[in-house]
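Coordinates as given in target.txt (compact mmCIF, C-alpha atoms):
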# COMPACT_ATOMS: atom_id res chain seq x y z
CA MET A 1 -5.86 15.67 -15.71
CA VAL A 2 -6.04 12.60 -17.93
CA LEU A 3 -3.53 12.06 -20.71
CA TYR A 4 -4.35 10.51 -24.07
CA ASP A 5 -1.06 8.58 -24.01
CA ASN A 6 -0.68 6.63 -20.76
CA ARG A 7 2.34 4.50 -21.61
CA LYS A 8 4.83 4.41 -18.77
CA ARG A 9 8.53 5.00 -19.36
CA THR A 10 10.94 2.81 -17.42
CA ALA A 11 14.62 2.99 -16.57
CA VAL A 12 16.82 0.58 -18.52
CA TRP A 13 20.44 -0.54 -17.97
CA PHE A 14 22.57 -0.76 -21.10
CA ASP A 15 26.19 -1.32 -22.06
CA LYS A 16 28.50 1.75 -21.95
CA LYS A 17 29.12 1.47 -25.67
CA GLY A 18 25.51 0.73 -26.48
CA ARG A 19 22.97 3.34 -27.45
CA PRO A 20 19.74 3.65 -25.54
CA GLU A 21 16.55 2.81 -27.35
CA THR A 22 14.53 5.92 -28.10
CA PHE A 23 10.85 6.23 -27.34
CA PRO A 24 8.48 8.91 -28.60
CA LYS A 25 7.37 11.36 -25.94
CA PRO A 26 3.64 11.72 -25.42
CA ASP A 27 2.06 14.89 -26.76
CA PRO A 28 1.71 17.12 -23.68
CA HIS A 29 -1.26 18.84 -25.30
CA ALA A 30 -3.20 15.60 -25.77
CA LYS A 31 -4.93 15.68 -22.41
CA VAL A 32 -8.27 16.52 -20.91
CA MET A 33 -9.12 17.93 -17.49
CA LEU A 34 -11.44 15.74 -15.44
CA SER A 35 -13.51 17.21 -12.61
CA VAL A 36 -14.85 14.58 -10.16
CA TRP A 37 -17.31 15.06 -7.31
CA TRP A 38 -17.64 12.05 -5.05
CA CYS A 39 -18.48 10.95 -1.54
CA SER A 40 -18.16 7.77 0.51
CA ASN A 41 -21.08 6.26 -1.45
CA GLY A 42 -19.60 6.80 -4.91
CA VAL A 43 -19.29 9.31 -7.74
CA VAL A 44 -21.87 12.06 -7.64
CA HIS A 45 -20.83 13.89 -10.81
CA TYR A 46 -17.92 14.13 -13.18
CA ASN A 47 -17.23 16.38 -16.10
CA PHE A 48 -14.60 16.69 -18.81
CA ILE A 49 -13.42 20.26 -19.14
CA LYS A 50 -12.68 21.20 -22.73
CA PRO A 51 -9.06 22.17 -23.49
CA ASP A 52 -10.09 25.70 -24.49
CA GLU A 53 -12.08 26.27 -21.27
CA SER A 54 -10.60 27.57 -18.07
CA THR A 55 -11.97 26.96 -14.61
CA THR A 56 -13.36 30.30 -13.54
CA ALA A 57 -15.43 31.07 -10.46
CA ASP A 58 -18.55 31.04 -12.68
CA ALA A 59 -17.70 27.62 -14.10
CA TYR A 60 -16.89 26.28 -10.64
CA CYS A 61 -20.20 27.56 -9.25
CA ARG A 62 -22.06 25.81 -12.09
CA GLU A 63 -20.20 22.59 -11.20
CA LEU A 64 -21.13 23.03 -7.53
CA GLU A 65 -24.78 23.55 -8.43
CA THR A 66 -24.84 20.46 -10.68
CA ALA A 67 -22.99 18.28 -8.18
CA PHE A 68 -25.23 19.21 -5.27
CA LYS A 69 -28.43 18.72 -7.31
CA LYS A 70 -27.22 15.23 -8.22
CA LEU A 71 -26.21 14.54 -4.62
CA ALA A 72 -29.73 15.47 -3.48
CA GLU A 73 -31.21 13.06 -6.04
CA MET A 74 -28.82 10.18 -5.40
CA TRP A 75 -28.29 10.39 -1.63
CA PRO A 76 -30.77 12.86 -0.09
CA SER A 77 -29.64 12.01 3.44
CA LEU A 78 -26.14 13.30 2.63
CA ALA A 79 -27.38 16.41 0.84
CA ASN A 80 -29.91 17.29 3.54
CA ARG A 81 -27.72 16.71 6.58
CA LYS A 82 -26.73 19.77 8.56
CA GLY A 83 -24.03 21.27 6.36
CA PRO A 84 -22.65 18.76 3.86
CA LEU A 85 -18.85 18.81 4.05
CA LEU A 86 -16.63 19.71 1.11
CA LEU A 87 -12.87 19.34 0.94
CA GLN A 88 -11.42 21.47 -1.83
CA ASP A 89 -8.04 23.04 -2.43
CA ASN A 90 -7.50 26.78 -2.28
CA ALA A 91 -7.30 27.51 -6.02
CA ARG A 92 -8.59 30.96 -6.88
CA PRO A 93 -11.94 29.82 -8.39
CA HIS A 94 -12.60 27.77 -5.22
CA THR A 95 -12.03 30.69 -2.85
CA SER A 96 -13.60 33.57 -4.77
CA LEU A 97 -16.37 35.63 -3.22
CA LYS A 98 -18.85 34.25 -5.75
CA THR A 99 -17.91 30.66 -4.82
CA ARG A 100 -18.11 31.36 -1.09
CA GLN A 101 -21.58 32.84 -1.61
CA LYS A 102 -22.68 29.79 -3.64
CA LEU A 103 -21.36 27.42 -0.95
CA ASN A 104 -23.22 29.41 1.70
CA GLU A 105 -26.40 29.30 -0.40
CA LEU A 106 -26.05 25.51 -0.71
CA GLY A 107 -25.42 25.20 3.04
CA VAL A 108 -22.04 23.55 2.52
CA GLU A 109 -19.33 23.50 5.18
CA VAL A 110 -15.86 23.72 3.63
CA LEU A 111 -13.00 21.93 5.36
CA LEU A 112 -9.80 23.94 5.54
CA HIS A 113 -7.18 22.65 3.14
CA PRO A 114 -3.55 23.71 3.58
CA ALA A 115 -1.92 25.19 0.48
CA TYR A 116 0.01 22.79 -1.74
CA SER A 117 -1.03 19.71 0.23
CA SER A 118 -1.69 17.12 -2.45
CA ASP A 119 -1.23 14.45 0.24
CA LEU A 120 -4.58 15.57 1.67
CA SER A 121 -6.66 15.37 -1.49
CA PRO A 122 -8.57 12.06 -1.61
CA THR A 123 -9.31 12.70 -5.26
CA GLY A 124 -5.59 12.95 -5.96
CA TYR A 125 -4.20 10.20 -3.75
CA HIS A 126 -7.06 7.74 -4.13
CA VAL A 127 -9.30 8.29 -7.18
CA PHE A 128 -6.81 9.66 -9.72
CA ARG A 129 -4.15 7.16 -8.66
CA ALA A 130 -6.64 4.37 -9.43
CA VAL A 131 -7.67 6.06 -12.71
CA ASP A 132 -3.99 6.22 -13.68
CA ALA A 133 -3.56 2.50 -12.98
CA PHE A 134 -6.76 1.70 -14.91
CA LEU A 135 -5.56 3.65 -17.96
CA HIS A 136 -2.01 2.24 -17.74
CA HIS A 137 -0.55 1.61 -21.23
CA LYS A 138 -3.65 2.89 -23.03
CA VAL A 139 -3.34 5.35 -25.90
CA TYR A 140 -6.31 7.34 -27.17
CA THR A 141 -6.90 9.14 -30.41
CA GLU A 142 -10.56 9.99 -29.82
CA ASN A 143 -12.12 11.90 -26.93
CA ARG A 144 -15.11 9.57 -26.76
CA ASP A 145 -12.88 6.50 -26.27
CA LEU A 146 -11.20 8.12 -23.28
CA GLU A 147 -14.56 9.28 -21.91
CA ASN A 148 -16.00 5.76 -22.30
CA ASP A 149 -13.06 4.26 -20.41
CA ILE A 150 -13.43 6.81 -17.61
CA ALA A 151 -17.15 5.97 -17.38
CA GLN A 152 -16.25 2.27 -17.29
CA PHE A 153 -13.73 2.96 -14.51
CA PHE A 154 -16.31 4.72 -12.32
CA GLU A 155 -18.92 2.02 -12.98
CA SER A 156 -16.43 -0.69 -12.01
CA ARG A 157 -15.65 0.74 -8.55
CA THR A 158 -17.54 -0.51 -5.52
CA GLN A 159 -18.88 1.61 -2.70
CA GLU A 160 -16.08 0.19 -0.55
CA PHE A 161 -13.50 1.78 -2.88
CA TYR A 162 -14.92 5.25 -2.16
CA ARG A 163 -15.28 4.59 1.57
CA ILE A 164 -11.62 3.60 1.81
CA GLY A 165 -10.63 6.86 0.09
CA ILE A 166 -12.69 9.05 2.42
CA ASN A 167 -11.84 7.07 5.57
CA SER A 168 -8.10 7.31 4.92
CA LEU A 169 -8.25 11.11 5.06
CA SER A 170 -8.04 11.38 8.87
CA GLU A 171 -4.89 9.22 8.97
CA ARG A 172 -3.32 11.19 6.13
CA TRP A 173 -4.19 14.44 7.90
CA ARG A 174 -2.47 13.12 11.05
CA ARG A 175 0.63 12.05 9.08
CA CYS A 176 0.79 15.43 7.36
CA ALA A 177 0.61 17.23 10.72
CA LEU A 178 3.31 14.96 12.19
CA SER A 179 5.59 15.66 9.22
CA ASN A 180 5.10 19.44 9.65
CA GLY A 181 3.41 19.68 6.27
CA GLU A 182 6.20 17.92 4.38
CA TYR A 183 5.24 15.50 1.62
CA PHE A 184 5.42 11.87 2.58
CA ILE A 185 6.40 8.83 0.56
CA GLU A 186 3.98 5.97 0.09
Final structure tokens representation of the file:
Amino acid sequence: MVLYDNRKRTAVWFDKKGRPETFPKPDPHAKVMLSVWWCSNGVVHYNFIKPDESTTADAYCRELETAFKKLAEMWPSLANRKGPLLLQDNARPHTSLKTRQKLNELGVEVLLHPAYSSDLSPTGYHVFRAVDAFLHHKVYTENRDLENDIAQFFESRTQEFYRIGINSLSERWRRCALSNGEYFIE
């Protein structure tokens, strides 16, 4: 999820008798959902999901189809290898019968992902953390401005950026197992 208002709030010390400065809260409805498909070579596909759309199994299957067509065009060796790997969480649209059939049709091997394990999502801990830093202090009033900045972000990342994100997964998986599934602080 990407917010239109990315200003960061900070803690401030003030005198007991003083009054804290007030800051407007960002509009929680001024946001857009961003779906990103990527591999160690870079971004394969991304899509902005409209606020009035929900991610259903049908919508997710369309995203899968689009992402894997683009993967085959961009990096055929990855798409044509024996069973491309996909790490996805266990949200209902991702685990539906229709989605499992689509993944089987595409010849995709799905890595098991423990429930509620955001520490194991490279998109969350690597890509979106960098997107958040890139958008730091920016405020948007127009969708296209936000979309242009997101496109600029993806264009500005090197292949090494994506490799680091994928390659860190095994270490994060190990740390998660050692902590018995507890979240860990970075």
Report as a tab-separated table the residues of region 32-100 of chain A within 8 Å of region 150-174 of chain A, each with its shortest atom pair and distance in Å (one decimal), using all atoms listed in the file, ordered by chain and increasing residue number.
residue	atom	partner	partner_atom	distance
A:Trp38	CA	A:Tyr162	CA	7.9
A:Cys39	CA	A:Tyr162	CA	6.7
A:Ser40	CA	A:Arg163	CA	4.4
A:Asn41	CA	A:Gln159	CA	5.3
A:Gly42	CA	A:Tyr162	CA	5.6
A:Val43	CA	A:Phe154	CA	7.1
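Nearest-residue note for Ser54 (chain A): choosing from A:Arg92, A:His126, A:His113, A:Arg144, the minimum distance belongs to A:Arg92, counting only C-alpha atoms.
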Write out as a PDB file with C-alpha atoms, in the frame of the given file which residues come within 9 Å of region 58-71 of chain A when counting only C-alpha atoms, dropping same-chain ones fewer than 2 positions away.
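Output below, filename around_8.pdb:
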ATOM      1  CA  SER A  35     -13.510  17.210 -12.610  1.00  0.00           C
ATOM      2  CA  TRP A  37     -17.310  15.060  -7.310  1.00  0.00           C
ATOM      3  CA  TRP A  38     -17.640  12.050  -5.050  1.00  0.00           C
ATOM      4  CA  VAL A  44     -21.870  12.060  -7.640  1.00  0.00           C
ATOM      5  CA  HIS A  45     -20.830  13.890 -10.810  1.00  0.00           C
ATOM      6  CA  TYR A  46     -17.920  14.130 -13.180  1.00  0.00           C
ATOM      7  CA  ASN A  47     -17.230  16.380 -16.100  1.00  0.00           C
ATOM      8  CA  SER A  54     -10.600  27.570 -18.070  1.00  0.00           C
ATOM      9  CA  THR A  55     -11.970  26.960 -14.610  1.00  0.00           C
ATOM     10  CA  THR A  56     -13.360  30.300 -13.540  1.00  0.00           C
ATOM     11  CA  GLU A  73     -31.210  13.060  -6.040  1.00  0.00           C
ATOM     12  CA  MET A  74     -28.820  10.180  -5.400  1.00  0.00           C
ATOM     13  CA  TRP A  75     -28.290  10.390  -1.630  1.00  0.00           C
ATOM     14  CA  PRO A  76     -30.770  12.860  -0.090  1.00  0.00           C
ATOM     15  CA  LEU A  78     -26.140  13.300   2.630  1.00  0.00           C
ATOM     16  CA  ALA A  79     -27.380  16.410   0.840  1.00  0.00           C
ATOM     17  CA  PRO A  93     -11.940  29.820  -8.390  1.00  0.00           C
ATOM     18  CA  HIS A  94     -12.600  27.770  -5.220  1.00  0.00           C
ATOM     19  CA  LYS A  98     -18.850  34.250  -5.750  1.00  0.00           C
ATOM     20  CA  THR A  99     -17.910  30.660  -4.820  1.00  0.00           C
ATOM     21  CA  LYS A 102     -22.680  29.790  -3.640  1.00  0.00           C
ATOM     22  CA  LEU A 103     -21.360  27.420  -0.950  1.00  0.00           C
ATOM     23  CA  LEU A 106     -26.050  25.510  -0.710  1.00  0.00           C
TER      24      LEU A 106
END
- Message: I'd like the contact shell of Ile49 (chain A) - 7 Å cut-off, only C-alpha atoms, skipping same-chain residues fewer than 4 positions apart - returned as number ranges by chain.
- Response: A: 32-34, 53
- Coordinates-based distance that separates CA of Gln101 (chain A) from CA of Asp119 (chain A) (Å, one decimal):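 A separation of 27.5 Å between them.
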- Task: Could you check how far CA of Gln88 (chain A) sits from CA of Asn148 (chain A), in Å to one decimal?
- Result: 26.2 Å
- Item | Pick from A:Thr123, A:Lys31, A:Lys17, A:Asn104, whichever lies nearest to Glu142 (chain A) using only C-alpha atoms | A:Lys31
- Task: Mind giving me the straight-line distance from CA of Leu135 (chain A) to CA of Glu147 (chain A) in Å, one decimal?
- Result: 11.3 Å
Please, can region 122-141 of chain A be completed to N, CA and C atoms and returned as a PDB file, keeping the file's coordinate frame?
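Below you can see rebuild.pdb, which holds the result:
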ATOM      1  N   PRO A 122      -8.171  13.433  -1.289  1.00  0.00           N
ATOM      2  CA  PRO A 122      -8.570  12.060  -1.610  1.00  0.00           C
ATOM      3  C   PRO A 122      -8.759  11.828  -3.108  1.00  0.00           C
ATOM      4  N   THR A 123      -9.166  12.859  -3.819  1.00  0.00           N
ATOM      5  CA  THR A 123      -9.310  12.700  -5.260  1.00  0.00           C
ATOM      6  C   THR A 123      -7.949  12.444  -5.890  1.00  0.00           C
ATOM      7  N   GLY A 124      -6.933  13.134  -5.424  1.00  0.00           N
ATOM      8  CA  GLY A 124      -5.590  12.950  -5.960  1.00  0.00           C
ATOM      9  C   GLY A 124      -4.950  11.645  -5.534  1.00  0.00           C
ATOM     10  N   TYR A 125      -4.920  11.382  -4.225  1.00  0.00           N
ATOM     11  CA  TYR A 125      -4.200  10.200  -3.750  1.00  0.00           C
ATOM     12  C   TYR A 125      -4.981   8.914  -3.888  1.00  0.00           C
ATOM     13  N   HIS A 126      -6.278   8.982  -4.065  1.00  0.00           N
ATOM     14  CA  HIS A 126      -7.060   7.740  -4.130  1.00  0.00           C
ATOM     15  C   HIS A 126      -7.700   7.542  -5.513  1.00  0.00           C
ATOM     16  N   VAL A 127      -8.551   8.471  -5.924  1.00  0.00           N
ATOM     17  CA  VAL A 127      -9.300   8.290  -7.180  1.00  0.00           C
ATOM     18  C   VAL A 127      -8.388   8.394  -8.393  1.00  0.00           C
ATOM     19  N   PHE A 128      -7.635   9.492  -8.518  1.00  0.00           N
ATOM     20  CA  PHE A 128      -6.810   9.660  -9.720  1.00  0.00           C
ATOM     21  C   PHE A 128      -5.667   8.649  -9.786  1.00  0.00           C
ATOM     22  N   ARG A 129      -5.171   8.209  -8.641  1.00  0.00           N
ATOM     23  CA  ARG A 129      -4.150   7.160  -8.660  1.00  0.00           C
ATOM     24  C   ARG A 129      -4.742   5.874  -9.255  1.00  0.00           C
ATOM     25  N   ALA A 130      -5.976   5.553  -8.883  1.00  0.00           N
ATOM     26  CA  ALA A 130      -6.640   4.370  -9.430  1.00  0.00           C
ATOM     27  C   ALA A 130      -6.988   4.554 -10.907  1.00  0.00           C
ATOM     28  N   VAL A 131      -7.402   5.764 -11.294  1.00  0.00           N
ATOM     29  CA  VAL A 131      -7.670   6.060 -12.710  1.00  0.00           C
ATOM     30  C   VAL A 131      -6.397   5.852 -13.518  1.00  0.00           C
ATOM     31  N   ASP A 132      -5.282   6.359 -12.997  1.00  0.00           N
ATOM     32  CA  ASP A 132      -3.990   6.220 -13.680  1.00  0.00           C
ATOM     33  C   ASP A 132      -3.644   4.746 -13.885  1.00  0.00           C
ATOM     34  N   ALA A 133      -3.844   3.936 -12.858  1.00  0.00           N
ATOM     35  CA  ALA A 133      -3.560   2.500 -12.980  1.00  0.00           C
ATOM     36  C   ALA A 133      -4.502   1.837 -13.985  1.00  0.00           C
ATOM     37  N   PHE A 134      -5.760   2.260 -13.995  1.00  0.00           N
ATOM     38  CA  PHE A 134      -6.760   1.700 -14.910  1.00  0.00           C
ATOM     39  C   PHE A 134      -6.419   2.022 -16.367  1.00  0.00           C
ATOM     40  N   LEU A 135      -5.883   3.213 -16.599  1.00  0.00           N
ATOM     41  CA  LEU A 135      -5.560   3.650 -17.960  1.00  0.00           C
ATOM     42  C   LEU A 135      -4.138   3.285 -18.384  1.00  0.00           C
ATOM     43  N   HIS A 136      -3.410   2.608 -17.506  1.00  0.00           N
ATOM     44  CA  HIS A 136      -2.010   2.240 -17.740  1.00  0.00           C
ATOM     45  C   HIS A 136      -1.838   1.603 -19.125  1.00  0.00           C
ATOM     46  N   HIS A 137      -0.911   2.104 -19.893  1.00  0.00           N
ATOM     47  CA  HIS A 137      -0.550   1.610 -21.230  1.00  0.00           C
ATOM     48  C   HIS A 137      -1.601   1.871 -22.309  1.00  0.00           C
ATOM     49  N   LYS A 138      -2.644   2.617 -22.008  1.00  0.00           N
ATOM     50  CA  LYS A 138      -3.650   2.890 -23.030  1.00  0.00           C
ATOM     51  C   LYS A 138      -3.296   4.173 -23.770  1.00  0.00           C
ATOM     52  N   VAL A 139      -3.575   4.177 -25.059  1.00  0.00           N
ATOM     53  CA  VAL A 139      -3.340   5.350 -25.900  1.00  0.00           C
ATOM     54  C   VAL A 139      -4.655   5.668 -26.600  1.00  0.00           C
ATOM     55  N   TYR A 140      -5.040   6.930 -26.580  1.00  0.00           N
ATOM     56  CA  TYR A 140      -6.310   7.340 -27.170  1.00  0.00           C
ATOM     57  C   TYR A 140      -6.082   8.303 -28.322  1.00  0.00           C
ATOM     58  N   THR A 141      -6.921   8.179 -29.316  1.00  0.00           N
ATOM     59  CA  THR A 141      -6.900   9.140 -30.410  1.00  0.00           C
ATOM     60  C   THR A 141      -8.224   9.907 -30.469  1.00  0.00           C
TER      61      THR A 141
END
